[in-house]
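Enquirer: Sending over a structure as structure tokens; questions will come in a sec.
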Amino acid sequence: MREPSPFWVVKCPDCSTEQTVFSRPATVVNCGVCGATLATPTGGRAKLRGELVRTLAA
């Protein structure tokens with residue numbers, strides 16, 4: 001049985017705000033403060049533009 005995918009805390013490369021994102025997003029994830037792209041979907045785990053700060057268990 002597959003374990004649920006974790007959530008990630010990602011630091012925005014533009015404004016340094018930390019935001020929680022799903023590790024396998026279906027759409028592009030943007031920063032809630034400045035609108036910069038934090039993660040893009042790849043069909044699997046997201047490609048991060050921001051810095052991965054830590055992983056949260058789902």
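Following the order of the structure tokens, first chain is A, next is B, and so on, with residues numbered from 1 inside each chain and ligands from 1 in the order they appear.
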List as a short mmCIF file (atom, residue, chain, number, x, y, z; two decimals) with C-alpha atoms, in the first residue's frame the protein and nucleic acid residues near Thr27 of chain A, meaning an atom at most 10 Å away when only C-alpha atoms are counted, but skip any in the same chain fewer than 5 places from it.
Expert:
data_model
loop_
_atom_site.label_atom_id
_atom_site.label_comp_id
_atom_site.auth_asym_id
_atom_site.auth_seq_id
_atom_site.Cartn_x
_atom_site.Cartn_y
_atom_site.Cartn_z
CA ALA A 39 6.55 24.61 -7.89
CA THR A 40 5.55 23.23 -11.27
CA PRO A 41 3.87 19.86 -11.91
CA THR A 42 5.85 17.13 -13.69
CA ALA A 46 6.98 18.78 -8.33
#
Enquirer: Skipping near chain neighbours, those fewer than 4 positions away, what residues fall within 12 Å of segment 28-31 of chain A using only C-alpha atoms, listed as an mmCIF file with N, CA and C atoms, in the first residue's frame?
Expert:
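Saved the output as result-v1.cif:
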data_model
loop_
_atom_site.group_PDB
_atom_site.id
_atom_site.type_symbol
_atom_site.label_atom_id
_atom_site.label_comp_id
_atom_site.auth_asym_id
_atom_site.auth_seq_id
_atom_site.Cartn_x
_atom_site.Cartn_y
_atom_site.Cartn_z
ATOM 1 N N TRP A 8 5.381 19.839 1.499
ATOM 2 C CA TRP A 8 6.679 20.479 1.646
ATOM 3 C C TRP A 8 6.498 21.928 2.083
ATOM 4 N N VAL A 9 7.421 22.415 2.880
ATOM 5 C CA VAL A 9 7.480 23.838 3.185
ATOM 6 C C VAL A 9 8.569 24.399 2.276
ATOM 7 N N VAL A 10 8.174 25.344 1.417
ATOM 8 C CA VAL A 10 9.069 25.890 0.394
ATOM 9 C C VAL A 10 9.257 27.382 0.637
ATOM 10 N N LYS A 11 10.497 27.846 0.526
ATOM 11 C CA LYS A 11 10.808 29.270 0.681
ATOM 12 C C LYS A 11 10.820 29.933 -0.680
ATOM 13 N N CYS A 12 10.067 31.023 -0.802
ATOM 14 C CA CYS A 12 9.993 31.755 -2.072
ATOM 15 C C CYS A 12 11.360 32.351 -2.410
ATOM 16 N N PRO A 13 11.822 32.191 -3.648
ATOM 17 C CA PRO A 13 13.123 32.734 -4.040
ATOM 18 C C PRO A 13 13.120 34.261 -4.172
ATOM 19 N N ASP A 14 11.924 34.854 -4.304
ATOM 20 C CA ASP A 14 11.840 36.304 -4.499
ATOM 21 C C ASP A 14 11.627 37.080 -3.195
ATOM 22 N N CYS A 15 10.675 36.611 -2.341
ATOM 23 C CA CYS A 15 10.350 37.382 -1.136
ATOM 24 C C CYS A 15 10.678 36.649 0.166
ATOM 25 N N SER A 16 11.190 35.427 0.088
ATOM 26 C CA SER A 16 11.612 34.610 1.240
ATOM 27 C C SER A 16 10.476 34.184 2.166
ATOM 28 N N THR A 17 9.232 34.293 1.728
ATOM 29 C CA THR A 17 8.098 33.807 2.509
ATOM 30 C C THR A 17 8.055 32.290 2.408
ATOM 31 N N GLU A 18 7.720 31.617 3.513
ATOM 32 C CA GLU A 18 7.587 30.167 3.499
ATOM 33 C C GLU A 18 6.128 29.790 3.275
ATOM 34 N N GLN A 19 5.906 28.789 2.425
ATOM 35 C CA GLN A 19 4.555 28.347 2.090
ATOM 36 C C GLN A 19 4.537 26.831 2.001
ATOM 37 N N THR A 20 3.448 26.212 2.463
ATOM 38 C CA THR A 20 3.288 24.763 2.389
ATOM 39 C C THR A 20 2.672 24.400 1.042
ATOM 40 N N VAL A 21 3.293 23.446 0.339
ATOM 41 C CA VAL A 21 2.785 22.992 -0.957
ATOM 42 C C VAL A 21 2.731 21.469 -0.969
ATOM 43 N N PHE A 22 1.832 20.925 -1.775
ATOM 44 C CA PHE A 22 1.733 19.479 -1.948
ATOM 45 C C PHE A 22 2.889 19.032 -2.831
ATOM 46 N N SER A 23 3.486 17.891 -2.527
ATOM 47 C CA SER A 23 4.666 17.435 -3.275
ATOM 48 C C SER A 23 4.348 16.975 -4.696
ATOM 49 N N ARG A 24 3.076 16.692 -4.974
ATOM 50 C CA ARG A 24 2.669 16.259 -6.319
ATOM 51 C C ARG A 24 1.507 17.118 -6.822
ATOM 52 N N GLY A 35 3.471 36.224 -5.749
ATOM 53 C CA GLY A 35 3.011 35.610 -6.995
ATOM 54 C C GLY A 35 4.070 34.854 -7.773
ATOM 55 N N ALA A 36 5.284 34.761 -7.256
ATOM 56 C CA ALA A 36 6.351 34.030 -7.944
ATOM 57 C C ALA A 36 6.021 32.538 -7.985
ATOM 58 N N THR A 37 6.504 31.835 -8.990
ATOM 59 C CA THR A 37 6.282 30.400 -9.110
ATOM 60 C C THR A 37 7.155 29.659 -8.105
ATOM 61 N N LEU A 38 6.516 28.813 -7.284
ATOM 62 C CA LEU A 38 7.253 28.017 -6.303
ATOM 63 C C LEU A 38 7.476 26.597 -6.780
ATOM 64 N N ALA A 39 6.464 26.005 -7.453
ATOM 65 C CA ALA A 39 6.554 24.614 -7.893
ATOM 66 C C ALA A 39 5.745 24.426 -9.162
ATOM 67 N N THR A 40 6.260 23.562 -10.041
ATOM 68 C CA THR A 40 5.546 23.229 -11.270
ATOM 69 C C THR A 40 5.316 21.723 -11.326
ATOM 70 N N PRO A 41 4.160 21.290 -11.837
ATOM 71 C CA PRO A 41 3.870 19.862 -11.910
ATOM 72 C C PRO A 41 4.721 19.179 -12.973
ATOM 73 N N THR A 42 5.044 17.900 -12.728
ATOM 74 C CA THR A 42 5.845 17.134 -13.690
ATOM 75 C C THR A 42 5.195 15.794 -14.013
ATOM 76 N N GLY A 43 4.036 15.518 -13.426
ATOM 77 C CA GLY A 43 3.422 14.210 -13.569
ATOM 78 C C GLY A 43 3.794 13.302 -12.414
ATOM 79 N N ALA A 46 6.868 17.436 -7.759
ATOM 80 C CA ALA A 46 6.977 18.775 -8.333
ATOM 81 C C ALA A 46 8.429 19.184 -8.552
ATOM 82 N N LYS A 47 8.626 20.040 -9.544
ATOM 83 C CA LYS A 47 9.925 20.666 -9.754
ATOM 84 C C LYS A 47 9.866 21.985 -8.995
ATOM 85 N N LEU A 48 10.766 22.149 -8.025
ATOM 86 C CA LEU A 48 10.754 23.341 -7.190
ATOM 87 C C LEU A 48 11.610 24.443 -7.775
ATOM 88 N N ARG A 49 11.100 25.668 -7.694
ATOM 89 C CA ARG A 49 11.902 26.845 -8.013
ATOM 90 C C ARG A 49 12.399 27.463 -6.713
ATOM 91 N N GLY A 50 11.584 27.318 -5.659
ATOM 92 C CA GLY A 50 11.972 27.811 -4.336
ATOM 93 C C GLY A 50 12.833 26.799 -3.618
#
Enquirer: Going by DSSP on the backbone, which residues of segment 6-51 of chain A come out as strand (DSSP E or B)? List them as a list in words.
Expert: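 DSSP on the backbone gives strand (DSSP E or B) at Phe7, Trp8, Val9, Val10, Lys11, Glu18, Gln19, Thr20, Val21, Phe22, Val29, Asn30, Thr37, Leu38, Ala39, Thr40, Lys47, Leu48 and Glu51 of chain A.
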